[in-house]
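This is coords29.txt. It holds compact mmCIF, C-alpha atoms.
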# COMPACT_ATOMS: atom_id res chain seq x y z
CA MET A 1191 -2.04 -10.30 -30.97
CA ASN A 1192 -4.82 -8.34 -32.68
CA ASN A 1193 -8.27 -9.87 -32.36
CA LYS A 1194 -11.06 -8.77 -34.70
CA PHE A 1195 -14.46 -9.91 -33.55
CA PHE A 1196 -18.13 -9.11 -34.16
CA LEU A 1197 -19.86 -9.55 -30.82
CA ASN A 1198 -17.79 -10.65 -27.90
CA TYR A 1199 -19.49 -11.55 -24.62
CA ILE A 1200 -17.77 -11.51 -21.24
CA THR A 1201 -19.43 -12.92 -18.11
CA VAL A 1202 -18.52 -11.23 -14.84
CA ASP A 1203 -17.28 -13.42 -11.99
CA VAL A 1204 -16.52 -12.74 -8.32
CA ASN A 1205 -13.09 -11.30 -9.14
CA ASN A 1206 -14.70 -8.28 -10.80
CA LEU A 1207 -17.60 -7.80 -8.41
CA ASN A 1208 -18.36 -4.07 -7.79
CA GLN A 1209 -15.71 -2.95 -10.27
CA ARG A 1210 -16.73 0.00 -12.43
CA ILE A 1211 -17.41 -0.92 -16.04
CA ASP A 1212 -14.92 1.67 -17.38
CA ASN A 1213 -12.09 0.39 -15.18
CA PHE A 1214 -12.94 -3.19 -16.13
CA LEU A 1215 -12.72 -2.31 -19.83
CA PHE A 1216 -9.45 -0.40 -19.38
CA SER A 1217 -7.92 -3.56 -17.93
CA LYS A 1218 -9.23 -5.75 -20.74
CA ILE A 1219 -8.86 -3.63 -23.84
CA LYS A 1220 -5.40 -2.52 -24.97
CA ASN A 1221 -4.13 -0.13 -27.64
CA ILE A 1222 -7.30 1.93 -27.74
CA CYS A 1223 -7.61 5.32 -26.04
CA LYS A 1224 -9.85 5.76 -23.02
CA SER A 1225 -11.95 8.41 -24.76
CA LYS A 1226 -12.91 5.82 -27.40
CA ILE A 1227 -14.07 3.41 -24.70
CA TYR A 1228 -16.15 6.14 -23.05
CA SER A 1229 -17.64 6.96 -26.47
CA LEU A 1230 -18.61 3.30 -27.01
CA ILE A 1231 -20.31 3.20 -23.60
CA ARG A 1232 -22.12 6.51 -24.17
CA LYS A 1233 -23.44 5.45 -27.59
CA GLY A 1234 -24.69 2.12 -26.22
CA ASN A 1235 -22.25 0.03 -28.28
CA ILE A 1236 -21.07 -1.59 -25.05
CA ARG A 1237 -23.96 -3.03 -23.06
CA VAL A 1238 -24.51 -5.03 -19.89
CA ASN A 1239 -27.34 -7.56 -19.85
CA LYS A 1240 -28.57 -6.10 -23.18
CA LYS A 1241 -29.06 -2.67 -21.57
CA ARG A 1242 -27.30 0.66 -21.89
CA ILE A 1243 -25.21 1.55 -18.86
CA CYS A 1244 -23.34 4.55 -17.46
CA TYR A 1245 -19.55 4.44 -17.27
CA LYS A 1246 -19.92 4.43 -13.46
CA TYR A 1247 -21.98 1.23 -13.48
CA LYS A 1248 -20.63 -1.32 -10.98
CA LEU A 1249 -20.50 -4.90 -12.15
CA LYS A 1250 -22.46 -7.72 -10.54
CA ILE A 1251 -21.78 -11.45 -10.63
CA ASN A 1252 -23.06 -13.07 -13.85
CA ASP A 1253 -23.48 -9.74 -15.63
CA ILE A 1254 -22.99 -10.29 -19.38
CA ILE A 1255 -20.96 -7.57 -21.08
CA ARG A 1256 -21.38 -7.21 -24.83
CA LEU A 1257 -18.54 -5.69 -26.86
CA PRO A 1258 -19.10 -4.49 -30.45
CA LEU A 1259 -17.15 -4.96 -33.67
CA ILE A 1260 -13.83 -3.17 -33.17
CA ASN A 1261 -10.17 -3.88 -33.80
CA ILE A 1262 -8.56 -4.08 -30.38
CA ASN A 1263 -6.12 -6.03 -28.31
CA ILE A 1264 -7.65 -8.16 -25.59
CA TYR A 1265 -5.08 -9.01 -22.96
CA THR A 1266 -3.69 -12.44 -23.83
CA ASN A 1267 -0.45 -12.59 -21.89
CA ASN A 1268 1.41 -12.25 -25.17
CA ILE A 1269 4.57 -10.50 -23.97
CA PHE A 1270 7.48 -12.79 -24.72
CA LEU A 1271 10.03 -13.06 -21.92
CA SER A 1272 13.10 -15.22 -22.22
CA LYS A 1273 14.25 -17.29 -19.24
CA ASN A 1274 17.00 -14.75 -18.59
CA ARG A 1275 14.50 -11.86 -18.55
CA ILE A 1276 12.17 -13.77 -16.23
CA PHE A 1277 15.08 -14.40 -13.88
CA PHE A 1278 16.04 -10.70 -14.15
CA TYR A 1279 12.57 -9.44 -13.16
CA LYS A 1280 12.17 -12.03 -10.39
CA LYS A 1281 15.20 -10.49 -8.69
CA PHE A 1282 13.11 -7.38 -8.01
CA ILE A 1283 10.63 -9.28 -5.83
CA LEU A 1284 10.94 -8.12 -2.21
CA TYR A 1285 8.03 -9.97 -0.62
CA GLU A 1286 5.41 -12.49 -1.69
CA ASP A 1287 2.53 -14.46 -0.19
CA ASN A 1288 -0.73 -15.96 -1.48
CA TYR A 1289 -2.38 -12.55 -1.74
CA LEU A 1290 0.32 -10.01 -2.38
CA LEU A 1291 3.44 -9.32 -4.41
CA VAL A 1292 5.88 -6.52 -3.56
CA ILE A 1293 8.61 -5.53 -5.99
CA ASN A 1294 11.42 -3.01 -6.16
CA LYS A 1295 10.39 -1.25 -9.36
CA PRO A 1296 13.33 -0.21 -11.54
CA SER A 1297 13.45 3.25 -13.06
CA GLY A 1298 12.66 3.71 -16.75
CA ILE A 1299 9.69 1.36 -17.08
CA SER A 1300 6.00 2.29 -16.75
CA VAL A 1301 3.84 0.47 -14.23
CA HIS A 1302 0.94 0.03 -16.69
CA SER A 1303 0.23 0.12 -20.41
CA GLY A 1304 -0.24 3.28 -22.45
CA LEU A 1305 -0.31 4.50 -26.01
CA ASN A 1306 3.47 4.98 -26.05
CA THR A 1307 4.33 2.02 -23.83
CA ASN A 1308 5.24 -1.33 -25.34
CA ILE A 1309 6.15 -3.11 -22.11
CA ASN A 1310 5.16 -2.39 -18.53
CA ILE A 1311 5.51 -3.75 -15.02
CA ILE A 1312 2.03 -5.20 -14.53
CA ASP A 1313 2.03 -7.09 -17.85
CA ILE A 1314 5.54 -8.42 -17.15
CA TYR A 1315 4.49 -9.98 -13.84
CA ARG A 1316 1.17 -11.20 -15.25
CA ASN A 1317 3.26 -12.99 -17.85
CA ILE A 1318 5.67 -14.44 -15.30
CA TYR A 1319 2.84 -15.72 -13.07
CA LYS A 1320 0.49 -16.56 -15.98
CA ASP A 1321 -2.18 -14.74 -14.00
CA LYS A 1322 -4.45 -12.00 -15.37
CA MET A 1323 -5.74 -11.19 -11.87
CA LEU A 1324 -2.56 -9.42 -10.80
CA ASN A 1325 -3.37 -5.73 -10.30
CA LEU A 1326 -1.52 -2.59 -9.25
CA ILE A 1327 -2.40 -1.29 -5.79
CA HIS A 1328 -0.76 2.08 -6.42
CA ARG A 1329 1.49 3.69 -9.03
CA LEU A 1330 4.98 5.06 -9.38
CA ASP A 1331 6.11 7.37 -12.16
CA LYS A 1332 8.06 5.83 -15.01
CA TYR A 1333 11.40 7.28 -13.86
CA THR A 1334 10.75 6.74 -10.14
CA SER A 1335 12.07 3.54 -8.55
CA GLY A 1336 11.16 1.74 -5.36
CA VAL A 1337 8.53 -0.29 -3.52
CA LEU A 1338 5.46 -1.20 -5.54
CA LEU A 1339 2.47 -3.28 -4.36
CA ILE A 1340 0.67 -5.75 -6.63
CA SER A 1341 -2.40 -7.73 -5.56
CA LYS A 1342 -2.96 -11.34 -6.63
CA ASN A 1343 -6.76 -11.15 -6.55
CA ARG A 1344 -9.51 -8.56 -6.52
CA TYR A 1345 -10.34 -9.17 -2.84
CA MET A 1346 -6.83 -8.09 -1.84
CA LEU A 1347 -7.00 -5.20 -4.28
CA LEU A 1348 -10.08 -3.80 -2.56
CA LYS A 1349 -8.64 -4.36 0.93
CA LEU A 1350 -5.40 -2.53 0.17
CA ASN A 1351 -7.22 0.24 -1.69
CA ASN A 1352 -9.18 0.81 1.53
CA LEU A 1353 -5.95 1.00 3.52
CA PHE A 1354 -4.70 3.70 1.17
CA LEU A 1355 -8.06 5.47 1.34
CA TYR A 1356 -7.96 5.62 5.14
CA LYS A 1357 -4.24 6.59 5.25
CA LYS A 1358 -3.18 3.30 6.85
CA ILE A 1359 -0.28 2.65 4.48
CA ILE A 1360 2.83 4.68 5.28
CA LYS A 1361 5.04 5.47 2.30
CA LYS A 1362 8.50 6.99 2.55
CA TYR A 1363 10.45 8.47 -0.37
CA ILE A 1364 14.05 9.60 -0.57
CA LEU A 1365 15.01 12.37 -2.98
CA LEU A 1366 17.72 14.87 -3.84
CA VAL A 1367 16.73 18.49 -4.43
CA TYR A 1368 18.74 21.50 -5.50
CA GLY A 1369 19.28 24.10 -2.77
CA LYS A 1370 19.69 23.93 1.00
CA PHE A 1371 16.30 23.05 2.43
CA PRO A 1372 15.90 25.34 5.49
CA TYR A 1373 13.82 23.09 7.76
CA LEU A 1374 14.62 19.90 9.63
CA TYR A 1375 10.92 18.97 9.52
CA PHE A 1376 8.32 20.65 7.35
CA LYS A 1377 4.67 20.10 6.42
CA ILE A 1378 3.47 20.99 2.93
CA LYS A 1379 -0.27 21.46 2.50
CA ASN A 1380 -1.91 22.85 -0.63
CA PHE A 1381 -4.30 21.86 -3.41
CA LEU A 1382 -3.48 20.28 -6.76
CA ILE A 1383 -5.24 20.07 -10.09
CA LYS A 1384 -4.09 17.61 -12.74
CA TYR A 1385 -4.28 18.98 -16.27
CA ASN A 1386 -2.62 17.74 -19.46
CA LYS A 1387 -0.27 15.29 -17.68
CA LYS A 1388 0.90 17.90 -15.17
CA SER A 1389 -0.17 19.08 -11.71
CA TYR A 1390 -0.77 22.71 -10.78
CA ILE A 1391 -0.68 24.08 -7.23
CA PHE A 1392 -3.22 26.33 -5.52
CA LYS A 1393 -2.86 27.61 -1.97
CA ASN A 1394 -6.61 27.48 -1.35
CA LYS A 1395 -9.36 25.11 -2.40
CA VAL A 1396 -10.64 25.79 -5.91
CA PHE A 1397 -13.03 23.93 -8.20
CA ASN A 1398 -11.84 20.36 -8.95
CA SER A 1399 -8.71 20.74 -6.81
CA LYS A 1400 -7.66 18.05 -4.35
CA GLU A 1401 -5.88 18.48 -1.04
CA ALA A 1402 -2.23 17.40 -1.05
CA ILE A 1403 -0.26 16.87 2.18
CA THR A 1404 3.39 15.86 2.43
CA TYR A 1405 5.76 15.80 5.40
CA ILE A 1406 9.43 16.51 4.65
CA LYS A 1407 12.46 15.53 6.72
CA LEU A 1408 15.94 16.88 6.02
CA LEU A 1409 18.58 14.12 6.08
CA LYS A 1410 21.71 16.08 5.15
CA TYR A 1411 23.24 18.69 2.90
CA ILE A 1412 25.52 17.59 0.06
CA ASN A 1413 27.24 20.71 -1.26
CA ASN A 1414 24.41 22.80 -2.77
CA PHE A 1415 21.91 19.95 -2.60
CA SER A 1416 19.64 18.54 0.10
CA LEU A 1417 18.91 14.87 0.63
CA LEU A 1418 15.33 14.61 1.90
CA GLU A 1419 12.77 12.08 3.04
CA ALA A 1420 9.17 12.66 2.01
CA PHE A 1421 6.09 11.15 3.67
CA PRO A 1422 3.06 11.77 1.44
CA VAL A 1423 -0.23 11.59 3.35
CA THR A 1424 -2.23 11.93 0.14
CA GLY A 1425 -1.38 10.37 -3.22
CA ARG A 1426 -1.91 13.05 -5.85
CA PHE A 1427 -0.41 13.03 -9.33
CA HIS A 1428 3.28 14.15 -9.20
CA GLN A 1429 2.59 15.39 -5.67
CA ILE A 1430 6.10 15.42 -4.17
CA ARG A 1431 7.80 16.73 -7.31
CA CYS A 1432 5.29 19.51 -7.83
CA GLN A 1433 5.20 20.67 -4.21
CA LEU A 1434 8.97 20.87 -3.76
CA SER A 1435 9.43 22.65 -7.06
CA ASP A 1436 6.82 25.20 -5.95
CA LEU A 1437 8.89 25.80 -2.78
CA GLY A 1438 11.99 26.43 -4.91
CA TYR A 1439 13.69 23.07 -4.29
CA PRO A 1440 13.24 21.04 -7.50
CA VAL A 1441 14.08 17.34 -7.63
CA LEU A 1442 17.29 16.71 -9.55
CA TYR A 1443 16.73 15.55 -13.16
CA ASP A 1444 13.02 16.33 -13.07
CA ASN A 1445 12.22 17.26 -16.68
CA ILE A 1446 8.70 18.51 -15.88
CA TYR A 1447 8.97 20.54 -12.66
CA GLY A 1448 12.74 20.76 -12.35
CA ASN A 1449 15.31 23.46 -13.02
CA LYS A 1450 16.50 23.01 -16.62
CA PHE A 1451 19.74 24.93 -15.97
CA ILE A 1452 20.66 22.77 -12.96
CA ASN A 1453 19.70 19.55 -14.76
CA LYS A 1454 21.93 20.54 -17.69
CA LYS A 1455 24.80 21.66 -15.44
CA TYR A 1456 24.89 18.31 -13.63
CA PHE A 1457 24.01 16.22 -16.67
CA ILE A 1458 25.72 12.83 -16.82
CA LYS A 1459 25.82 10.95 -20.10
CA GLY A 1460 23.79 7.76 -20.04
CA PHE A 1461 21.87 8.79 -16.91
CA SER A 1462 18.17 9.30 -17.63
CA ARG A 1463 16.19 9.02 -14.44
CA LEU A 1464 14.64 11.09 -11.69
CA PHE A 1465 16.32 11.29 -8.28
CA LEU A 1466 13.21 10.04 -6.51
CA HIS A 1467 12.96 6.61 -4.87
CA CYS A 1468 10.12 5.01 -2.88
CA LYS A 1469 12.24 3.79 0.02
CA SER A 1470 9.71 1.94 2.16
CA LEU A 1471 6.11 0.90 2.78
CA CYS A 1472 4.52 -0.11 6.07
CA PHE A 1473 1.02 -1.50 6.71
CA ILE A 1474 -0.94 -4.22 8.50
CA HIS A 1475 -1.60 -7.20 6.23
CA PRO A 1476 -5.41 -7.38 5.74
CA ILE A 1477 -5.44 -11.18 5.84
CA TYR A 1478 -2.59 -12.24 8.14
CA LYS A 1479 -3.02 -9.23 10.47
CA LYS A 1480 0.74 -8.83 10.78
CA LYS A 1481 2.86 -5.76 10.23
CA ILE A 1482 4.49 -5.65 6.79
CA PHE A 1483 7.50 -3.36 6.54
CA ILE A 1484 9.34 -3.32 3.22
CA ILE A 1485 12.49 -1.24 2.76
CA THR A 1486 14.84 -0.83 -0.21
CA ASN A 1487 18.16 0.88 -0.70
CA LEU A 1488 19.05 3.37 -3.42
CA ASP A 1489 20.06 1.70 -6.64
CA LYS A 1490 23.58 1.88 -8.07
CA LYS A 1491 22.79 4.81 -10.36
CA LEU A 1492 21.50 7.00 -7.53
CA CYS A 1493 24.47 6.09 -5.32
CA TYR A 1494 26.75 7.01 -8.22
CA ILE A 1495 25.10 10.44 -8.50
CA LEU A 1496 25.48 11.05 -4.75
CA ASN A 1497 29.21 10.29 -4.97
CA ILE A 1498 29.61 12.72 -7.86
CA ILE A 1499 27.71 15.49 -6.02
CA LYS A 1500 29.88 14.94 -2.91
CA ASN A 1501 33.07 15.35 -4.91
CA ILE A 1502 32.10 18.48 -6.82
What is this structure when it is put down as structure tokens?
Amino acid sequence: MNNKFFLNYITVDVNNLNQRIDNFLFSKIKNICKSKIYSLIRKGNIRVNKKRICYKYKLKINDIIRLPLININIYTNNIFLSKNRIFFYKKFILYEDNYLLVINKPSGISVHSGLNTNINIIDIYRNIYKDKMLNLIHRLDKYTSGVLLISKNRYMLLKLNNLFLYKKIIKKYILLVYGKFPYLYFKIKNFLIKYNKKSYIFKNKVFNSKEAITYIKLLKYINNFSLLEAFPVTGRFHQIRCQLSDLGYPVLYDNIYGNKFINKKYFIKGFSRLFLHCKSLCFIHPIYKKKIFIITNLDKKLCYILNIIKNI
């Protein structure tokens, strides 16, 4: 629902304490590009406590944010879900408590909103729970399936973000690559730069590059393919896909870093997803202090592909 308003004031509460103003606005304002929001901040059209602020400004309790006259969508939980669709998405819930929600994200749906995204995971579950405070802890690519963490409040969001920051959440992916991977265990370490929705690899540290580390385990060969497990230590954009493609072992059906000839050769009508699945997550619950280990199996489509590859 489009809301046109002159001056809209938002008062910050404890749930948004220490959140950067740009990230706060991204979560509140929909269908407007990020560059526009940065422009509004820079020009002083968006103010906090009647003062100009930098986009890095961290919010304090009772801060009053002033928004100017613009045509935007403020999140209003306006995605309509029928009872059948609610039941469908609830089936993907793997674990839930008062602080945390863990789902088995299906392939083909984005985790958050974007200019070309009408429906996304976080808005779906905010709608189901009627709760705007649900937030993504991490992200999965649109065509990647598997374990996804969602916090139920900002306190849990910060706690789990710290676990990721200090490498205390262990993620495991399963993937199928073209070629016979020559190592039983292998460590990939290089540097990545994200540019124009794609990552580029550098062997040594360069300006603006970020270290990317992934451990690879060979599970088995399936004809000319290798079924692998990947343990990313860092969480860079398209990290696993980019690194394996650079080694000459592209993930099957990867349209960005993959082998177009191989993808076309093994094309299956009606199958439009990446052979990459977040298999498991393991961490110590920040509140209950117990070990949380979530594991999921490959979905039917990926199992179907494996059977076809075996019988080639």
Q. Which residue, A:Asn1351, A:Asn1317, A:Asn1198, A:Ser1297, has the smallest gap to A:Lys1280 when you use all atoms listed in the file?
A.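 Looking at the shortest contact to A:Lys1280, the residue is A:Asn1317.
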Q. Looking at A:Leu1347, A:Ile1340, A:Ile1391, A:Leu1496, which one is nearest to A:Phe1415, with distances taken over all atoms listed in the file?
A. A:Leu1496
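Taking all atoms listed in the file into account, A:Arg1256 lies nearest to A:Lys1241 out of the set A:Lys1241, A:His1467, A:Lys1342, A:Lys1387.
Coordinates place atom CA of A:Glu1401 at a distance of 7.6 Å from atom CA of A:Thr1424.
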Q) Around (-5.0, 18.2, -15.8) in the file's own coordinates, what residues are found within 12 Å if you use only C-alpha atoms, given back as a ChimeraX atom specification? A) /A:1382-1391,1398-1400,1426-1428
Q.
Taking 6 positions as the minimum chain separation for residues in the same chain, which residues sit within 10 Å of stretch 1205-1219 of chain A when counting only C-alpha atoms? Answer as a PyMOL selection string.
A. chain A and resi 1227-1228+1231+1236-1238+1243-1253+1255+1257+1262-1266+1302-1303+1322-1323+1325+1343-1345+1347-1348
**Q.** Which of A:Lys1469, A:Asp1444, A:Ile1309, A:Lys1379 sits closest to A:Lys1393 [using only C-alpha atoms]
**A.** A:Lys1379
**Q.** Atomic separation - atom CA of A:Leu1324 relative to atom CA of A:Ser1341, Å
**A.**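 Separation of atom CA of A:Ser1341 and atom CA of A:Leu1324: 5.5 Å.
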Q.
Under the rule that all atoms listed in the file are counted, which of A:Leu1365, A:Ala1420, A:Ile1430, A:Leu1408 is the nearest residue to A:Asn1380?
A.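 For A:Asn1380, the nearest of the given residues is A:Ile1430.
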Box for stretch 1319-1332 of chain A: with edges along x, y and z, all listed atoms inside and 4 Å added on each side, what are the centre and edge lengths in Å to one decimal, as JSON?
{"center_x": 1.2, "center_y": -4.6, "center_z": -10.9, "size_x": 21.8, "size_y": 31.9, "size_z": 18.2}
Q: Tell me which protein, DNA and RNA residues are within 10 Å of stretch 1366-1373 of chain A, counting all atoms listed in the file, leaving out same-chain ones fewer than 5 positions away, and put them as a ChimeraX atom specification.
A: /A:1406-1419,1431,1434-1435,1437-1444,1448-1449,1452-1453,1464-1467,1492,1495-1496
Q.
Can you measure atom CA of A:His1475 to atom CA of A:His1328 for me? One decimal in Å is fine.
A.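 Value for the atom CA of A:His1475-atom CA of A:His1328 distance: 15.7 Å.
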**Q.** Residues within 7 Å of (26.4, 16.7, -12.2), counting only C-alpha atoms, listed as an MDAnalysis selection string
**A.** chainID A and resid 1455:1458 1498:1499
Residues as selected, C-alpha atoms, written as an mmCIF file, in the coordinates of the input, can you do that?
data_model
loop_
_atom_site.group_PDB
_atom_site.id
_atom_site.type_symbol
_atom_site.label_atom_id
_atom_site.label_comp_id
_atom_site.auth_asym_id
_atom_site.auth_seq_id
_atom_site.Cartn_x
_atom_site.Cartn_y
_atom_site.Cartn_z
ATOM 1 C CA LYS A 1455 24.800 21.660 -15.440
ATOM 2 C CA TYR A 1456 24.890 18.310 -13.630
ATOM 3 C CA PHE A 1457 24.010 16.220 -16.670
ATOM 4 C CA ILE A 1458 25.720 12.830 -16.820
ATOM 5 C CA ILE A 1498 29.610 12.720 -7.860
ATOM 6 C CA ILE A 1499 27.710 15.490 -6.020
#
(Q) Can you pull out the residues contacting A:Ile1276? Cut-off 10 Å, using only C-alpha atoms, and skip same-chain residues under 6 positions away; I want them as a ChimeraX atom specification. (A) /A:1270,1314-1315,1317-1318
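Compared by their closest atoms to A:Gln1433, and using all atoms listed in the file, the residues A:Tyr1478, A:Phe1381, A:Phe1397, A:Tyr1375 rank with A:Phe1381 nearest.
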Kindly assemble as CSV a list of the stretch 1444-1476 of chain A residues that lie within 10 Å of stretch 1356-1360 of chain A, each paired with its nearest atom pair and their distance in Å to one decimal, using all atoms listed in the file, sorted first by chain and then by ascending residue number.
residue,atom,partner,partner_atom,distance
A:Ser1470,CA,A:Ile1360,CA,8.0
A:Leu1471,CA,A:Ile1360,CA,5.6
A:Cys1472,CA,A:Ile1360,CA,5.1
A:Phe1473,CA,A:Ile1359,CA,4.9
A:Ile1474,CA,A:Ile1359,CA,8.0
Q: Skip A:Ile1485 itself and residues of its chain fewer than 3 positions away, then list as a list in words all residues within 12 Å of it, counting only C-alpha atoms.
A: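 Surrounding residues, per the criterion: Ile1283, Leu1284, Tyr1285, Val1292, Ile1293, Asn1294, Gly1336, Val1337, Leu1338, Ile1360, Lys1361, Lys1362, Tyr1363, Ile1364, His1467, Cys1468, Lys1469, Ser1470, Leu1471, Cys1472, Ile1482 and Leu1488 of chain A.
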Got a minute to add all heavy atoms to stretch 1322-1330 of chain A and dump it as an mmCIF file, in the coordinates of the input?
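For reference, out_34.cif as written:
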data_model
loop_
_atom_site.group_PDB
_atom_site.id
_atom_site.type_symbol
_atom_site.label_atom_id
_atom_site.label_comp_id
_atom_site.auth_asym_id
_atom_site.auth_seq_id
_atom_site.Cartn_x
_atom_site.Cartn_y
_atom_site.Cartn_z
ATOM 1 N N LYS A 1322 -3.866 -13.271 -14.975
ATOM 2 C CA LYS A 1322 -4.450 -12.000 -15.370
ATOM 3 C C LYS A 1322 -4.960 -11.201 -14.178
ATOM 4 O O LYS A 1322 -5.241 -10.009 -14.302
ATOM 5 C CB LYS A 1322 -5.610 -12.241 -16.343
ATOM 6 C CG LYS A 1322 -5.215 -12.941 -17.630
ATOM 7 C CD LYS A 1322 -6.444 -13.158 -18.495
ATOM 8 C CE LYS A 1322 -6.106 -13.979 -19.730
ATOM 9 N NZ LYS A 1322 -7.303 -14.210 -20.572
ATOM 10 N N MET A 1323 -5.122 -11.851 -13.013
ATOM 11 C CA MET A 1323 -5.740 -11.190 -11.870
ATOM 12 C C MET A 1323 -4.778 -10.320 -11.087
ATOM 13 O O MET A 1323 -5.184 -9.630 -10.147
ATOM 14 C CB MET A 1323 -6.357 -12.232 -10.933
ATOM 15 C CG MET A 1323 -7.512 -13.005 -11.537
ATOM 16 S SD MET A 1323 -8.728 -11.944 -12.354
ATOM 17 C CE MET A 1323 -9.214 -10.870 -11.016
ATOM 18 N N LEU A 1324 -3.493 -10.329 -11.442
ATOM 19 C CA LEU A 1324 -2.560 -9.420 -10.800
ATOM 20 C C LEU A 1324 -2.941 -7.982 -11.127
ATOM 21 O O LEU A 1324 -3.206 -7.658 -12.282
ATOM 22 C CB LEU A 1324 -1.126 -9.695 -11.249
ATOM 23 C CG LEU A 1324 -0.290 -10.641 -10.367
ATOM 24 C CD1 LEU A 1324 -0.913 -12.022 -10.326
ATOM 25 C CD2 LEU A 1324 1.146 -10.720 -10.881
ATOM 26 N N ASN A 1325 -2.991 -7.126 -10.103
ATOM 27 C CA ASN A 1325 -3.370 -5.730 -10.300
ATOM 28 C C ASN A 1325 -2.500 -4.800 -9.461
ATOM 29 O O ASN A 1325 -2.068 -5.155 -8.357
ATOM 30 C CB ASN A 1325 -4.839 -5.500 -9.918
ATOM 31 C CG ASN A 1325 -5.789 -5.923 -11.011
ATOM 32 O OD1 ASN A 1325 -5.848 -5.298 -12.067
ATOM 33 N ND2 ASN A 1325 -6.514 -7.002 -10.769
ATOM 34 N N LEU A 1326 -2.277 -3.603 -9.981
ATOM 35 C CA LEU A 1326 -1.520 -2.590 -9.250
ATOM 36 C C LEU A 1326 -2.356 -2.041 -8.103
ATOM 37 O O LEU A 1326 -3.536 -1.722 -8.275
ATOM 38 C CB LEU A 1326 -1.141 -1.439 -10.177
ATOM 39 C CG LEU A 1326 -0.170 -1.756 -11.312
ATOM 40 C CD1 LEU A 1326 -0.183 -0.629 -12.335
ATOM 41 C CD2 LEU A 1326 1.236 -1.966 -10.777
ATOM 42 N N ILE A 1327 -1.735 -1.925 -6.930
ATOM 43 C CA ILE A 1327 -2.400 -1.290 -5.790
ATOM 44 C C ILE A 1327 -2.220 0.223 -5.852
ATOM 45 O O ILE A 1327 -3.104 0.992 -5.515
ATOM 46 C CB ILE A 1327 -1.830 -1.827 -4.449
ATOM 47 C CG1 ILE A 1327 -1.938 -3.353 -4.399
ATOM 48 C CG2 ILE A 1327 -2.553 -1.195 -3.265
ATOM 49 C CD1 ILE A 1327 -3.334 -3.879 -4.479
ATOM 50 N N HIS A 1328 -1.050 0.650 -6.267
ATOM 51 C CA HIS A 1328 -0.760 2.080 -6.420
ATOM 52 C C HIS A 1328 0.206 2.227 -7.588
ATOM 53 O O HIS A 1328 0.552 1.246 -8.247
ATOM 54 C CB HIS A 1328 -0.152 2.651 -5.128
ATOM 55 C CG HIS A 1328 1.152 2.025 -4.750
ATOM 56 N ND1 HIS A 1328 2.350 2.706 -4.764
ATOM 57 C CD2 HIS A 1328 1.465 0.753 -4.379
ATOM 58 C CE1 HIS A 1328 3.328 1.887 -4.405
ATOM 59 N NE2 HIS A 1328 2.811 0.705 -4.159
ATOM 60 N N ARG A 1329 0.639 3.448 -7.868
ATOM 61 C CA ARG A 1329 1.490 3.690 -9.030
ATOM 62 C C ARG A 1329 2.750 4.442 -8.642
ATOM 63 O O ARG A 1329 2.775 5.170 -7.647
ATOM 64 C CB ARG A 1329 0.725 4.492 -10.091
ATOM 65 C CG ARG A 1329 -0.533 3.802 -10.593
ATOM 66 C CD ARG A 1329 -1.272 4.667 -11.596
ATOM 67 N NE ARG A 1329 -2.501 4.021 -12.050
ATOM 68 C CZ ARG A 1329 -3.330 4.531 -12.938
ATOM 69 N NH1 ARG A 1329 -3.057 5.703 -13.486
ATOM 70 N NH2 ARG A 1329 -4.413 3.889 -13.293
ATOM 71 N N LEU A 1330 3.771 4.248 -9.443
ATOM 72 C CA LEU A 1330 4.980 5.060 -9.380
ATOM 73 C C LEU A 1330 5.237 5.598 -10.777
ATOM 74 O O LEU A 1330 4.960 4.925 -11.768
ATOM 75 C CB LEU A 1330 6.188 4.218 -8.913
ATOM 76 C CG LEU A 1330 6.170 3.678 -7.481
ATOM 77 C CD1 LEU A 1330 7.404 2.811 -7.230
ATOM 78 C CD2 LEU A 1330 6.116 4.811 -6.460
#
